[in-house]
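Accompanying notes for the structure given below.
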Amino acid sequence: MIQEPKRLKLSFQSLSPYLSREPVTLALLTGLTIVLFLAVGGLSRLYHAQQASLAVRWAGRGVNDLNADRYKVAITEFRTALLYDRDNGAYQLSLAEALLGLKRTDEAYAYLINLWSRQPENGVVNLELARIAVSKKETERALRFYNNAIYATWPGDQETERRKARLELIDYLLRNDARTQAESELIALEANVGEDAAQQEQLGGLFLRVGDNGRALTAFRASLKLERKNPAAEAGAGAAEFAMGQYAEAEHYLEEAVAAAPADAASAALLKTVRAAIDMDPYRPQISEGQRDKIVMDALATAGARLEMCQANPTVSAPAGKKPAAGSPSTAWQQLSSQWWAMKPQVTEKTLRDNPDLFNSAMNLAFEIEREADGRCGAATDADQALLLVAGQHQDN
Amino acid sequence: MAPASSAVPEVELGAASASGATSVLHTLFREDSFFLVLSVFIGIFSGLAVVCFRFAIDWSRIYLLGSGAELNPMRLFLAPTLTGLAIAVLVIHFFPRVRGSGVNQTKAALYIYNGYIPLRTAVGKFITSALAIGSGQSLGPEDPSLQIGASLASALGRRLHLKRDHMRLLAPVGAAAGLAAAFNAPISAVLFVIEEVIGRWTAGILGSVVLSAVSSVVVMRLFLGSEPLFRIPPVELRRPSELIAYGILGVAGGLASVVFASGVATLRPLCRKLPNWTQYAQPAVAGLLIGIIAVLGAPQVMGAGYEYIDEAMHGQFTWQFLGILALLKIVATMLSFVSGTPGGMFAPTLFIGAMLGAAVGGAEHALLPHLAWSPGTYALVGMGVLFAGFLRAPMTSVFMVLEVSGNYSIILPVIVANTIAYVISQALVPVPIFDVLSRQDGLELPSMEEQREESILRVEDAMRPPAKLVLDAGDTLERAARLVSQEPRDEGQGGDVLLVRLRSGGWSSVTREELDTMAAEGKDKGKGGQTLESILAGAGAIPYLHPDHPLEMALRYVDRWPLVPVVNRANLRKLEGVISQRDVLERYRDFGGE
């Protein structure tokens, strides 16, 4: 019982060497560490504030110069900004844009690809990389970056930026004659185009370029529904109707377009063609028999003139599908010619009225001559073109 | 009784817990363990110092050269020149020990001054290096950081009155912390300090060095962020045949290292021989010449140049300009370093390597367009190449590239190119640059490269074939005497000694005279006579060696035992040879002659 306190005392005595020096040292070192951390923390705040301020200042100058197309100065300024904020993606992107402005594509690419490795979801970066790939004619990479851009994250209005990226891709595909891919992208785009006349009009124009006239017409109509007076949409709708052989509707839209925009020469020319096609069409309803007979006789005369021109031209090749007689390449033309000469005297107002079958025979011969001559006998007259359009419209007749 | 009986366990418990606490404290505060704890504090203090050093360099740069990337030509001339004058005054009058890079000073502390580096050195190094690098001298912050770390550690050790062994080790521990924080690469820093400063691997040193390096990097990242020094672009080796291209880079890097090292080694003593008053002017003249290079179109050579390494890695320069930059940086760094301006060689070495690497890669690509080409990869490998060729730290050079890039796919090009550069550099400049510098300073520090290359003598190089007669422990004295009498006497040292193979697997020995004496005492009489084992029971076993043991190890035994058996590691009873003191000494004598 008496020895127990002694044992305790002994234990504490054995601890005392440790308690006297090292713990004090440790405590002092810890205290010193805290003090130094606070001091360096203060310095660090000063340092970082200065770095940030310098970065912002130089980047601001860079943005001004970039907007003013002073690319060389902008490059130096963005580089300086990056000295103080090395990993700032916005500065790197702006620097890349300035470099692209000076056509220093490789340097810009280096920055962009570095940004892309850190932010593969960045829409701007993907789009810029796609443009660089386009300029380098690297189709596969271009398509990959365009697709990335379409599904990437964008600052501001995401939908608009994505739509713009897709439109750029479509334009690129059309320039590369990849119509099928372009059409599938357009169909995807169609779902994202809202109640906006300009967008619908743009969509219609692109559908027209890929040859999807039905969707083009739908888009132009949607645009006109939203904005009744839109000459461009009217012209587009007219062109779509024309491409589908619906000349009466095409005439309606084109008349509106030309009336609203008389300077639109393309629409005016197309309107003229449409009108000629309508005028040369003997099958159209609500015309008198006299008018119809006159059209047939005019058509036959037009075809005859065409035939004569083809025979006169020595470079003319024999009509396709017609086996020329041995030793004479122009025999096919001669056959058509003899048919025409045989038909010509038969076709009068009287015979047409007496023999309704003659109407079809005459028109079919005129169509056949125009089809065979198409593209083989030099430039066609407006009347020839109109007759050809009518031929296309009434192929089954 | 009840309280008493309950009191006893309490006291016992108290005593037990006190004893446990004593044990814990004893473990914690035993100097070895305390040294580890101290290493963490050294790392923290060094990390904080390096953070402040970085701030100081950047502030110097902003206030001396301006904040823009495109610098004012007047400032380009004046800043390095006038700051050079100020640095010379500071170095000559206040901080004479801060000249040079700091690596050799740390080695000197370890090998000569018992770990002593004055705190004044850290202060001086901090101020003068920050001014020099900030004003555009072509020097880097890593070696000064290393010395600042070592100096802080040394000061702390002195304050805590550590024993001499630990005091010596504190300098490298602090050096690793400083270098790790400056490089943001703890593995490379640890390897460099082990490879170039300490020169040996032991668990105790490694633990302290690693702890300090890691804690300093943690502190540095806390204040400066965890981004690596360079933004590494995607790097890859596409085809094994590309190794040839990297081999060419190794050759170019080796030759550049030779030029760089020879230039420094030749010019430095020449500058020192100039009249004393020129010491004031030398840093200023170096600064002026560097300013001229900058004004003429290569401001990239000023300062550490990390931002330009980064740009080179990302293909921002043509290969021709990269080649020019590598050349100009060699010139600029030589000027700065030989003028005695305090500052490090690491960053310039990396700069030269990166520029040279990207230039060689670009040239190869221009000649062979089908060659897969990425400036980032070549610049990275180039950095390692110069590190191996100029600083002659081959292992660190490989790990540095891997650590900085975080990409192990380029390990093959790095190893191939570094090895070639190292071999070329070693062949053309036999003495590594750090050793050259220390010898020029009148210090004979151990050369780590010589230590690595040194061939070690082993027991097998000195041992003799075993004697024909080996006695067995089961032999009777009579049989042993008979066998010995039939065997001719060996006149060599230890010739009288006979080895006895013990049944336990060990070995013992007995001399002819001892056998004769025992026979005279009649120990061979009786039923069958006594066996050697029973006679030698009191003598015990003698030590044995293996053929691959260092010959030094034999020295521990040969003066006490005239003949030491050398036995097979797989079969301890199989005698491979014997070794005596004379064998060892003769081998050492012959080795000295070789």
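Please note that chains go A, B, ... in the order of the structure tokens, that every chain numbers its residues from 1, and that ligands are numbered from 1 in the order shown.
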
Selection: 9 Å around Ala347 in chain B, only C-alpha atoms, excl. self and same-chain fewer than 4 positions, as a VMD selection string: chain B and resid 138 to 143 303 to 306 351 to 352

Keeping only N, CA and C atoms, take the residues you just selected and write them out as a PDB file, in the first residue's frame.
```pdb
ATOM      1  N   SER B 138      20.039  34.254 -67.050  1.00  0.00           N
ATOM      2  CA  SER B 138      19.597  32.940 -67.517  1.00  0.00           C
ATOM      3  C   SER B 138      19.926  31.864 -66.488  1.00  0.00           C
ATOM      4  N   LEU B 139      19.152  31.849 -65.432  1.00  0.00           N
ATOM      5  CA  LEU B 139      19.369  30.903 -64.333  1.00  0.00           C
ATOM      6  C   LEU B 139      18.003  30.440 -63.823  1.00  0.00           C
ATOM      7  N   GLY B 140      18.011  29.370 -63.031  1.00  0.00           N
ATOM      8  CA  GLY B 140      16.742  28.815 -62.564  1.00  0.00           C
ATOM      9  C   GLY B 140      16.606  28.834 -61.058  1.00  0.00           C
ATOM     10  N   PRO B 141      15.398  28.601 -60.552  1.00  0.00           N
ATOM     11  CA  PRO B 141      15.159  28.687 -59.113  1.00  0.00           C
ATOM     12  C   PRO B 141      15.346  27.363 -58.350  1.00  0.00           C
ATOM     13  N   GLU B 142      15.625  26.263 -59.059  1.00  0.00           N
ATOM     14  CA  GLU B 142      15.599  24.968 -58.372  1.00  0.00           C
ATOM     15  C   GLU B 142      16.795  24.768 -57.453  1.00  0.00           C
ATOM     16  N   ASP B 143      17.997  24.999 -57.982  1.00  0.00           N
ATOM     17  CA  ASP B 143      19.184  24.767 -57.145  1.00  0.00           C
ATOM     18  C   ASP B 143      19.212  25.720 -55.949  1.00  0.00           C
ATOM     19  N   GLY B 303      15.737  34.651 -67.830  1.00  0.00           N
ATOM     20  CA  GLY B 303      15.074  33.996 -66.700  1.00  0.00           C
ATOM     21  C   GLY B 303      15.059  32.489 -66.838  1.00  0.00           C
ATOM     22  N   ALA B 304      14.160  31.856 -66.060  1.00  0.00           N
ATOM     23  CA  ALA B 304      14.081  30.392 -66.077  1.00  0.00           C
ATOM     24  C   ALA B 304      13.511  29.898 -67.397  1.00  0.00           C
ATOM     25  N   GLY B 305      12.534  30.594 -67.919  1.00  0.00           N
ATOM     26  CA  GLY B 305      12.012  30.269 -69.255  1.00  0.00           C
ATOM     27  C   GLY B 305      11.001  29.143 -69.300  1.00  0.00           C
ATOM     28  N   TYR B 306      10.361  28.847 -68.166  1.00  0.00           N
ATOM     29  CA  TYR B 306       9.396  27.737 -68.168  1.00  0.00           C
ATOM     30  C   TYR B 306       8.236  27.973 -69.135  1.00  0.00           C
ATOM     31  N   PHE B 351      15.414  23.898 -70.259  1.00  0.00           N
ATOM     32  CA  PHE B 351      15.079  24.775 -71.397  1.00  0.00           C
ATOM     33  C   PHE B 351      15.858  24.342 -72.631  1.00  0.00           C
ATOM     34  N   ILE B 352      17.175  24.200 -72.456  1.00  0.00           N
ATOM     35  CA  ILE B 352      18.018  23.817 -73.601  1.00  0.00           C
ATOM     36  C   ILE B 352      17.560  22.463 -74.146  1.00  0.00           C
TER      37      ILE B 352
END
```

Polymer residues at most 7 Å from range 377-386 of chain A, only C-alpha atoms, same-chain spacing of 2 or more positions, as a ChimeraX atom specification: /A:273,276-277,280,302,310,316,370,373-375,388-390

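Between chain A and the candidates B:Ala519, B:Leu328, B:Leu471, B:Ala56, the tightest atom-to-atom separation, counting only C-alpha atoms, involves B:Ala56.
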
Contact residues around Phe207 in chain A with only C-alpha atoms at 8 Å, ignoring same-chain residues under 6 positions, as a list of chain:residue names: A:Glu183, A:Leu186, A:Asn213, A:Arg215, A:Ala216

Alpha helix (DSSP H) per DSSP on the backbone: members of range 59-199 of chain A, as a ChimeraX atom specification: /A:59-67,71-84,89-101,105-118,123-135,139-150,158-175,179-192,197-199

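Interatomic distance, CA of Leu119 in chain B against CA of Ser145 in chain B: 13.3 Å.
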
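Of the residues under consideration (B:Ala393, B:Asp516, B:Gly315, B:Glu478), B:Gly315 shows the shortest atom-to-atom contact distance to Thr105 in chain A when counting only C-alpha atoms.
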
Distance criterion (only C-alpha atoms): nearest to chain A out of B:Arg439, B:His161, B:Lys125, B:Lys329: B:His161

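Look at range 218-222 of chain A: the protein and nucleic acid residues within 6 Å of it, using only C-alpha atoms and passing over chain neighbours fewer than 5 places away, are Gln200, Glu201, Gly204, Ala233 and Ala237 of chain A.
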
I need the residues from that last selection saved to file as a compact mmCIF listing (two decimals), in the first residue's frame (with N, CA and C atoms), if you can.
```
# COMPACT_ATOMS: atom_id res chain seq x y z
N GLN A 200 -36.92 28.63 -90.48
CA GLN A 200 -37.67 27.73 -91.38
C GLN A 200 -37.26 27.99 -92.82
N GLU A 201 -37.06 29.25 -93.15
CA GLU A 201 -36.67 29.59 -94.51
C GLU A 201 -35.28 29.01 -94.83
N GLY A 204 -35.59 25.35 -95.30
CA GLY A 204 -36.15 25.05 -96.61
C GLY A 204 -35.10 25.16 -97.70
N ALA A 233 -38.77 33.29 -98.78
CA ALA A 233 -39.51 32.05 -98.55
C ALA A 233 -40.45 31.78 -99.72
N ALA A 237 -40.32 28.54 -101.92
CA ALA A 237 -41.49 27.69 -102.10
C ALA A 237 -41.78 27.52 -103.60
```
